[in-house]
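Peer 1: My questions will all concern the structure given below.
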Amino acid sequence: MSPDSFALEVLAAGLAVAAAVLLGLVWDASNRRRRFLYRPALLALCLISAATAGLVWLNRQVATYPTWASLISPKSTAVETVPVADRPGGGRILTFTVNGTASGLSMPMYAYLPADYARDNTRRYPVIEALHGYPGSPLQWLNKLGAAEILDHEISSGRMSPTVVLFPYQTPRPSLDTECTNLAGGPQTETFLTADVPAFAKARLPVRTGPGSWGLIGYSAGGYCAASLLLRHPGQYAAAASLSGYSSPGITIGDGTENTTYNNAWRLQHLPIPAVSLYLASAKTDQAALRGTREMAELAKAPMSVTTAYVGNGGHNAKTWRAMEPAAFDWLSRRLARPLP
Amino acid sequence: MALTGRPLILLMALMTLTTLGATVFWWRRSGRLRFVVRPLGLLLTEILLLVTAGVWFNRTQQFYPTWSALLDDTESVSSAPEATAGNLDSWLAGQSAAGTGQAWSFEWHPTEPAQPGPLVVGLPDGYLAHPTRRYPVVMIVGAPDATIARGLPEVVSVSVPVTSVTAETATSLPRALERDVRVTGQRWAMVAPIALAPALNSAITVAPGRFPAWAFVGSGTAPKLPAGVEVHRAGTWAAAVRWAVAQTPMPL
């Protein structure tokens, strides 16, 4: 029973109900001395079980702590993978641990292999790195956002070419928000995502190697990450899709670069603009993301191309990102080089 | 009452306190019903406390900014542009060779810009058999042998002789091709002699995203192109075209 399981949520809710019923039943039972023991204990149990039910529900939404190890040892970098079920006729989800030599980080990664690979394992596919939000983990892509099912559907319906999609972690510790940056004196997540993950994929997976065949996608903090990594590494990625992303990291990097080179708006105003393609999507009611989207769209100039997409309803949540996903993946596929025989 | 407004938070907090007060008040006054009233009061208080915390957190993070965002289905973003037929599709269907669905080339005369020399468009196998697909383009400028552009896999090619190269070749000509043939608007590839590069590279800024891949043939110094543009130096035209085709997306 994992910390993000439905069973634990039901158990916690059941415990909360049981504790309340028990407290009502035994409040007046027994003698005065014992009452001083069990009344506070049962009251605490009521509150703790109710709070636990709420927190498990929240963890199920963001998939930040998928295992007990990630919860119990928050300072540990041993973020564990959990098995993801195969879908008949669909692409496969593989799990790896990427031991990053450039960054010094070692983190798990999920990879989507299109169903096409089972029919022809000689092909090399374009690649999309999918980045999660904060708090969160790649499992939110696979569970709440249904990325594998959406990729299966878009590829089989011909709106997207067969593509390998990588789901790396961008949080060496569940509680550490890196925004895919190299923190001064801290984890070098940008290096992990732009050097170690591509090197691992090129060595172990059937992927193409040229920058024209690599793209990025992300939601929320991952949306900022996708746009930031695209602007910072135009020789590595050709296109990126930012779903409800911001124009700045919103954290302190440690050397002030959150206001300059890690600030996408600042980069577009002060540095040469690369010839890359950026897709910006936001719900019109998600004010912070909408501001970021509009700011980036206004600042982006040729040779960069920008496509914007707005959802009238929605917010900063998984339901909205799931609705944005198919169009964003299709858009990326039209801007990445084809699979090669 | 707005989902992210202060009034809702205050209301929920007030309801929590009221329920808590009522539970305390009726704790010893509910008689035989105490076994129902006590647990119900406790649970209701807990639920309202969680809802109050949730409403406050939702206000800070804007997960669900409106009631409709919470309760209704989020509208989807259209997943693909509508594939409209190229102006020449019906004419092509009447041509016996093209009508079979096999690769075919034809001399193209765009309405504008006016071209001093002949342009040849090459269609891939299945162009007419898949009327909903849009194809990427490989633009081949100044190739000594026009047959090099024929029958390329899953791309439309357009061959432009050196004599036809003008300032508009890489800018207006693609727009004209978009009208006449079912082609995409982005991620085309350009193949050209290196000597023509300065005359063509304005396309990168005039139509961002259209030409991210350039294959140059011949010797000489390639112009400095913006970061993000992939440049390939090829020894032969065939190698340049092969590389260029591989940089384009699949027709979707």
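In the structure tokens, chains take letters A, B, ... by order of appearance, with residues numbered from 1 within each chain and ligands from 1 in the order shown.
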Please, which residues of region 134-222 of chain B, numbered as in this document, come out strand (DSSP E) from DSSP, as a ChimeraX atom specification?
Peer 2: /B:137-141,156-160,189-193,213-217
Peer 1: Output the contact residues of chain A with respect to chain B at a cut-off of 6 Å, based on only C-alpha atoms, as a list in words.
Peer 2: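 Residues satisfying the distance criterion: Ala20, Val21, Gly24, Leu25, Arg159, Pro234, Gly235, Pro274, Ala275, Val276, Ala302, Pro303, Met304, Ser305, Asn313, Gly314, Gly315, His316, Asn317, Thr320, Ala323, Met324, Pro326, Ala327, Arg334, Arg335, Leu336, Ala337 and Arg338 of chain A.
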Peer 1: Please, which residues of region 17-248 of chain A, numbered as in this document, come out helix (DSSP H, G or I) from DSSP, as a PyMOL selection string?
Peer 2: chain A and resi 17-26+32-62+68-72+116-119+138-142+147-156+189-204+211-213+221-232
Peer 1: May I have the residues within 8 Å of Gln236 (chain A) as a PyMOL selection string, using only C-alpha atoms and disregarding those fewer than 4 positions away in the same chain?
Peer 2: chain A and resi 194+210-212+214+230
Peer 1: Which residues, written as a list of chain:residue names, have at least one atom at most 10 Å from Ala288 (chain A), with only C-alpha atoms counted and residues fewer than 3 positions away on the same chain left out?
Peer 2: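 Close residues of Ala288 (chain A): A:Ser244, A:Gly245, A:Tyr246, A:Ser247, A:Ser282, A:Ala283, A:Lys284, A:Thr285, A:Arg291, A:Gly292, A:Thr293, A:His316, B:Gln61, B:Gln62.
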Peer 1: Would you put the residues from that selection into a file with C-alpha atoms, as a tab-separated table (two decimals), in the first residue's frame?
Peer 2:
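Generated file (again_18.tsv):
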```tsv
chain	number	residue	atom	x	y	z
A	244	SER	CA	0.54	26.76	-17.84
A	245	GLY	CA	4.19	27.72	-17.50
A	246	TYR	CA	5.65	30.90	-16.06
A	247	SER	CA	8.29	33.21	-17.48
A	282	SER	CA	-2.78	28.46	-20.66
A	283	ALA	CA	-6.27	28.57	-19.24
A	284	LYS	CA	-7.70	32.07	-19.51
A	285	THR	CA	-8.76	31.86	-15.88
A	291	ARG	CA	0.49	36.53	-17.57
A	292	GLY	CA	3.58	34.38	-18.20
A	293	THR	CA	2.18	33.08	-21.48
A	316	HIS	CA	-3.90	25.21	-12.86
B	61	GLN	CA	-2.41	28.39	-5.94
B	62	GLN	CA	-5.37	29.05	-8.28
```
Peer 1: Can you tell me how far CA of Gly133 (chain A) sits from CA of Ala318 (chain A), in Å to one decimal?
Peer 2: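 Going from CA of Gly133 (chain A) over to CA of Ala318 (chain A) covers 10.3 Å.
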Peer 1: Please provide as a ChimeraX atom specification all residues within 9 Å of Arg232 (chain A), with the sequence filter that same-chain residues fewer than 5 positions apart are discarded (counting only C-alpha atoms).
Peer 2: /A:227,261-262,267,274
Peer 1: Please determine, counting only C-alpha atoms, which residue among A:Cys225, A:Ala16, A:Val311, A:Val98 has the shortest atom-to-atom distance to Leu47 (chain A).
Peer 2: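 Of all the options, A:Ala16 lies closest to Leu47 (chain A).
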Peer 1: I want to know what sits within 12 Å of Thr260 (chain A), based on only C-alpha atoms, with residues of the same chain fewer than 3 positions away left out; could you give that as a list in words?
Peer 2: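 What passes the distance filter is Ser228, Arg232, Ser247, Ser248, Pro249, Thr252, Ile253, Asp255, Gly256, Thr257, Asn263, Asn264, Ala265, Trp266, Arg267, Leu268, Gln269, His270 and Leu271 of chain A.
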Peer 1: For each of B:Gly5, B:Pro131, B:Gly151, B:Gly218, take the minimum atom-to-atom distance to Phe106 (chain B), counting only C-alpha atoms, then give the residue where this is smallest.
Peer 2: B:Gly151
